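Quick look at work.txt (compact mmCIF, C-alpha atoms):
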```txt
# COMPACT_ATOMS: atom_id res chain seq x y z
CA MET D 1 2.40 -16.81 13.26
CA LYS D 2 2.03 -15.26 9.83
CA ASN D 3 0.79 -11.71 9.97
CA ALA D 4 -0.50 -9.18 7.46
CA ILE D 5 -0.86 -5.41 7.69
CA LEU D 6 -3.35 -3.60 5.49
CA PHE D 7 -3.01 0.15 4.92
CA HIS D 8 -6.00 2.01 3.50
CA GLY D 9 -5.71 5.17 1.43
CA SER D 10 -6.52 8.77 2.36
CA GLY D 11 -10.13 9.40 3.32
CA GLU D 12 -10.81 5.66 3.56
CA THR D 13 -11.33 3.19 6.38
CA PRO D 14 -10.48 -0.48 6.92
CA ASP D 15 -14.05 -1.20 5.77
CA SER D 16 -13.65 0.49 2.37
CA PHE D 17 -13.65 -1.38 -0.94
CA TRP D 18 -11.94 -4.81 -1.00
CA TYR D 19 -10.19 -4.47 2.37
CA PRO D 20 -12.71 -6.46 4.48
CA ARG D 21 -12.76 -9.29 1.97
CA ILE D 22 -8.96 -9.48 1.77
CA LYS D 23 -8.76 -9.36 5.58
CA GLN D 24 -11.21 -12.26 5.83
CA PHE D 25 -9.36 -14.15 3.06
CA LEU D 26 -6.05 -13.82 4.91
CA GLU D 27 -7.56 -14.81 8.25
CA LYS D 28 -8.91 -18.00 6.65
CA LYS D 29 -5.33 -18.69 5.49
CA GLY D 30 -4.11 -18.45 9.09
CA TYR D 31 -2.86 -14.86 9.15
CA ALA D 32 -3.26 -12.47 12.04
CA VAL D 33 -4.39 -9.32 10.20
CA TRP D 34 -3.95 -5.77 11.42
CA ALA D 35 -6.03 -3.33 9.39
CA PRO D 36 -5.87 -0.15 11.46
CA GLN D 37 -7.83 3.02 11.02
CA LEU D 38 -4.87 5.26 10.29
CA PRO D 39 -4.86 8.46 12.33
CA GLU D 40 -5.77 11.70 10.59
CA PRO D 41 -3.32 14.55 11.24
CA LYS D 42 -4.23 18.03 12.39
CA ILE D 43 -4.41 20.69 9.71
CA GLY D 44 -0.95 21.59 8.48
CA VAL D 45 0.65 18.36 9.72
CA PRO D 46 1.69 15.86 7.03
CA GLU D 47 -0.01 12.45 7.18
CA LEU D 48 3.37 10.73 7.22
CA ALA D 49 4.41 12.58 10.40
CA VAL D 50 1.42 11.05 12.24
CA GLN D 51 0.88 7.71 10.52
CA LEU D 52 4.46 6.39 10.32
CA PRO D 53 5.16 6.62 14.09
CA PHE D 54 1.71 5.09 14.79
CA VAL D 55 2.44 2.11 12.52
CA LEU D 56 5.99 1.59 13.75
CA LYS D 57 4.79 1.62 17.37
CA ASN D 58 1.78 -0.68 16.88
CA GLY D 59 2.74 -2.95 13.97
CA LYS D 60 4.46 -6.33 14.14
CA PHE D 61 7.21 -6.86 11.59
CA ASP D 62 9.07 -10.11 11.04
CA ASN D 63 10.07 -12.51 8.28
CA GLU D 64 6.46 -13.70 7.89
CA THR D 65 4.90 -10.23 7.59
CA VAL D 66 2.94 -9.26 4.49
CA ILE D 67 2.16 -5.56 3.96
CA ILE D 68 -0.59 -4.42 1.59
CA GLY D 69 -0.90 -0.71 0.84
CA HIS D 70 -3.60 0.81 -1.37
CA SER D 71 -3.28 4.30 -2.82
CA ALA D 72 -1.72 6.54 -0.10
CA GLY D 73 -1.22 3.34 1.90
CA GLY D 74 1.50 2.48 -0.64
CA PRO D 75 3.83 5.38 0.20
CA LEU D 76 3.19 4.64 3.87
CA ALA D 77 4.26 1.02 3.26
CA LEU D 78 7.45 2.27 1.55
CA SER D 79 8.27 4.47 4.55
CA VAL D 80 7.64 1.57 6.91
CA MET D 81 9.91 -0.74 4.94
CA GLU D 82 12.60 1.93 4.94
CA SER D 83 12.28 2.43 8.72
CA ILE D 84 12.24 -1.15 10.02
CA ASN D 85 15.34 -3.24 10.70
CA VAL D 86 13.93 -6.60 9.70
CA LYS D 87 13.28 -8.30 6.38
CA ILE D 88 9.57 -8.89 5.83
CA HIS D 89 8.11 -11.56 3.56
CA LYS D 90 6.12 -9.58 0.94
CA ALA D 91 4.74 -6.17 0.09
CA PHE D 92 1.85 -5.45 -2.27
CA LEU D 93 1.54 -1.86 -3.47
CA VAL D 94 -1.88 -1.37 -5.10
CA ALA D 95 -2.60 1.80 -7.10
CA SER D 96 0.43 3.22 -5.36
CA TYR D 97 2.84 6.06 -6.01
CA ALA D 98 6.10 7.47 -4.65
CA ARG D 99 6.25 10.97 -6.11
CA PRO D 100 3.83 13.90 -6.25
CA LEU D 101 0.94 13.21 -8.58
CA GLU D 102 0.54 15.93 -11.18
CA GLY D 103 -2.37 18.21 -10.34
CA ILE D 104 -3.26 16.30 -7.16
CA PRO D 105 -1.90 18.24 -4.16
CA GLU D 106 -3.44 15.82 -1.64
CA SER D 107 -0.91 13.21 -2.84
CA MET D 108 1.92 15.10 -1.11
CA PRO D 109 1.46 14.80 2.70
CA ILE D 110 2.14 11.04 2.81
CA LEU D 111 5.27 11.17 0.64
CA GLN D 112 8.86 11.34 1.77
CA GLU D 113 11.03 13.82 -0.05
CA ASN D 114 13.37 10.96 -1.02
CA TYR D 115 13.29 7.21 -0.50
CA ASN D 116 16.21 4.95 0.29
CA TRP D 117 15.29 2.41 -2.38
CA LYS D 118 18.24 0.16 -1.52
CA LYS D 119 17.16 -0.14 2.13
CA ILE D 120 13.53 -0.75 1.15
CA LYS D 121 14.60 -3.59 -1.17
CA GLN D 122 16.83 -5.05 1.56
CA ASN D 123 13.89 -5.13 3.99
CA VAL D 124 11.47 -7.17 1.87
CA ASN D 125 11.82 -10.51 0.08
CA GLU D 126 9.27 -9.76 -2.63
CA ILE D 127 7.50 -6.64 -3.87
CA VAL D 128 4.46 -6.67 -6.16
CA CYS D 129 3.13 -3.43 -7.65
CA ILE D 130 -0.36 -3.45 -9.17
CA ASN D 131 -1.42 -0.39 -11.13
CA SER D 132 -4.01 0.34 -13.81
CA ASP D 133 -3.58 2.12 -17.11
CA ASN D 134 -6.57 4.41 -16.45
CA ASP D 135 -6.26 5.37 -12.79
CA PRO D 136 -8.18 8.67 -12.36
CA TRP D 137 -5.93 9.69 -9.44
CA LYS D 138 -2.89 9.19 -11.74
CA CYS D 139 -1.54 6.26 -9.71
CA ASN D 140 -1.34 4.65 -13.13
CA ASP D 141 0.99 2.49 -15.18
CA LYS D 142 3.60 5.28 -15.28
CA GLU D 143 3.70 5.29 -11.46
CA GLY D 144 3.90 1.50 -11.49
CA TYR D 145 6.89 1.64 -13.83
CA TYR D 146 8.49 4.31 -11.64
CA LEU D 147 8.19 2.06 -8.58
CA PHE D 148 9.38 -0.98 -10.58
CA ARG D 149 12.48 0.88 -11.83
CA HIS D 150 13.45 1.64 -8.23
CA LEU D 151 12.31 -1.54 -6.49
CA GLY D 152 12.33 -4.33 -9.03
CA GLY D 153 10.03 -7.15 -8.04
CA THR D 154 6.88 -7.77 -10.04
CA LEU D 155 4.82 -5.14 -11.84
CA ILE D 156 1.28 -5.91 -12.91
CA ILE D 157 -0.51 -3.39 -15.10
CA ARG D 158 -4.27 -3.88 -15.21
CA HIS D 159 -6.28 -2.58 -18.14
CA GLY D 160 -9.27 -0.40 -17.33
CA GLU D 161 -9.35 -1.12 -13.57
CA GLY D 162 -9.21 2.53 -12.46
CA HIS D 163 -7.99 3.11 -8.91
CA MET D 164 -9.16 -0.30 -7.73
CA GLY D 165 -11.45 1.43 -5.26
CA SER D 166 -12.47 5.10 -5.15
CA HIS D 167 -15.43 6.88 -3.58
CA LYS D 168 -14.96 10.04 -5.66
CA PHE D 169 -14.91 8.14 -8.95
CA ASP D 170 -17.63 5.65 -7.94
CA GLN D 171 -15.43 2.55 -8.07
CA PRO D 172 -16.79 0.30 -5.29
CA TYR D 173 -14.32 -2.54 -6.06
CA LYS D 174 -15.66 -4.88 -3.36
CA GLU D 175 -13.67 -7.90 -4.55
CA PHE D 176 -10.06 -8.28 -5.65
CA PRO D 177 -9.62 -11.82 -7.05
CA LEU D 178 -6.17 -11.04 -8.48
CA LEU D 179 -4.84 -10.05 -5.07
CA GLU D 180 -6.36 -13.19 -3.54
CA LYS D 181 -4.53 -15.31 -6.14
CA LEU D 182 -1.24 -13.51 -5.50
CA LEU D 183 -1.63 -13.92 -1.75
CA SER D 184 -2.13 -17.67 -2.27
CA LEU D 185 1.24 -18.10 -3.96
```
Go ahead and render the structure in this file as C-alpha cells.
Amino acid sequence: MKNAILFHGSGETPDSFWYPRIKQFLEKKGYAVWAPQLPEPKIGVPELAVQLPFVLKNGKFDNETVIIGHSAGGPLALSVMESINVKIHKAFLVASYARPLEGIPESMPILQENYNWKKIKQNVNEIVCINSDNDPWKCNDKEGYYLFRHLGGTLIIRHGEGHMGSHKFDQPYKEFPLLEKLLSL
C-alpha cells in the first residue's frame, strides 16, 4: 500500500496549516498517511536527537513512500532519507532549509552538521523543493537553490507565498493547491 509521512515544523502540530487537508487528500488517493506529533526534546537536547530515532522506529519506508516536510520538517526528512537503507518514491521539502538560518538560532537544533547528499539522492526517486522568495523565516529562494544544488530534482520558487504557514507571521495557509497537483502526478 502507498504510504505518506508528513512532518510538521517546530512549534506546530499535525493539525496546523495545510497538513490536515493534504492528509485527507492523500487518504482519498489511497495512501496510508502517518502525520505524527513529533516529540519535543528536553531543554538542551537537539530536536534531531529525539525526532530522528522516533521517526526511524515508527515510520514505514519503502519504494511507495512519499515524505513531506514543512519548515523544520524538511531537515528532519533529509536526515531520515540519509539514515534509511531503502529507496523511497518521493520527497517534498516545503519552506525547507539545510543550513543555519541567519539570525534565527531556533533553526539549528534540527540540523545535522553535514549531510551525505549522495546517500540522500540515492534513497529517493524524486525530490521537489518548494520555497518562496519572501519567506520571513529565511527559508527562502536562496535556501531552495542551496538544496537544489546539492540534491537536484525540481525546485519551485513561489512569489510572495511567505513561509506557506506560520503562526508568528499570521500566515494561516489552510490550503495548498500546488502541493495537491504535484501529489497527483
Please identify every residue of stretch 74-110 of chain D that has at least one atom no farther than 8 Å from an atom of stretch 35-57 of chain D, counting only C-alpha atoms, and for each give the shortest atom pair and the distance in Å to one decimal, arranged by chain then increasing number, as CSV.
```
residue,atom,partner,partner_atom,distance
D:Leu76,CA,D:Leu52,CA,6.8
D:Ser79,CA,D:Leu52,CA,7.2
D:Val80,CA,D:Leu52,CA,6.7
D:Ile84,CA,D:Leu56,CA,7.8
D:Pro109,CA,D:Pro46,CA,4.5
D:Ile110,CA,D:Leu48,CA,4.6
```
Exercise. Looking at all atoms listed in the file, which of D:Ile120, D:Met1, D:Leu183, D:Val94 is the one that sits closest to D:Met164?
Worked result: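 Smallest separation from D:Met164 among the options: D:Val94.
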For this session: For atom CA of D:His89 and atom CA of D:Val128, determine how far apart the two atoms are, in Å to one decimal place.
Result: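 Going from atom CA of D:His89 over to atom CA of D:Val128, I get 11.5 Å.
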Exercise. Contacts of stretch 113-118 of chain D at 7 Å or less, counting only C-alpha atoms, minus same-chain residues fewer than 6 places along, as a list of chain:residue names?
Worked result: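 So, after excluding close chain neighbours, the residues are D:Glu82, D:His150, D:Leu151.
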Store the residues picked out above, limited to C-alpha atoms, as a PDB file, in the frame of the given file.
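Heads up, here's the output in part-v7.pdb:
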```pdb
ATOM      1  CA  GLU D  82      12.600   1.930   4.940  1.00  0.00           C
ATOM      2  CA  HIS D 150      13.450   1.640  -8.230  1.00  0.00           C
ATOM      3  CA  LEU D 151      12.310  -1.540  -6.490  1.00  0.00           C
TER       4      LEU D 151
END
```
Exercise. Do you know which residues are at most 12 Å from D:Leu185 counting all atoms listed in the file, after dropping those on the same chain fewer than 4 positions away, and could you put them as a list of chain:residue names?
Worked result: D:Lys29, D:Lys90, D:Glu126, D:Leu178, D:Leu179, D:Glu180, D:Lys181
Problem set entry | d(atom CA of D:Glu64, atom CA of D:Ile156) in Å |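 About the pair atom CA of D:Glu64 and atom CA of D:Ile156: they are 22.8 Å apart.
Atom CA of D:Phe25 is positioned 13.3 Å from atom CA of D:Lys2.
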For this session: Between D:Gly103, D:Gly152, D:Gly165, D:Gly144, single out the one closest to D:Ser10, counting only C-alpha atoms.
Result: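 Residue with the minimum atom-to-atom distance to D:Ser10: D:Gly165.
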Problem set entry | Neighbours of point (-5.6, 13.7, -9.1) within 9 Å, using only C-alpha atoms, written as a PyMOL selection string | chain D and resi 101-107+136-139
For this session: Rank D:Asn63, D:Ser71, D:Gln112, D:Ser184 by their smallest atom-to-atom distance to D:Ser132, using all atoms listed in the file, and report the top residue only.
Result: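 So, comparing all the options, the nearest one is D:Ser71.
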For this session: Pick out the closest residue to D:Leu147 from this set: D:Gly30, D:Pro75, D:Gly11, D:Pro20. Count all atoms listed in the file.
Result: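 The closest residue to D:Leu147 is D:Pro75.
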Exercise. If you count only C-alpha atoms, which residues fall within 12 Å of D:Lys87, apart from same-chain ones fewer than 6 positions away, as a VMD selection string?
Worked result: chain D and resid 60 to 67 80 to 81 119 to 127
Box centre and edge lengths (Å, one decimal), axis-aligned, stretch 9-17 of chain D plus 8 Å each side, as AutoDock Vina command-line options:
```
--center_x -9.9 --center_y 4.0 --center_z 3.0 --size_x 24.3 --size_y 26.8 --size_z 23.9
```
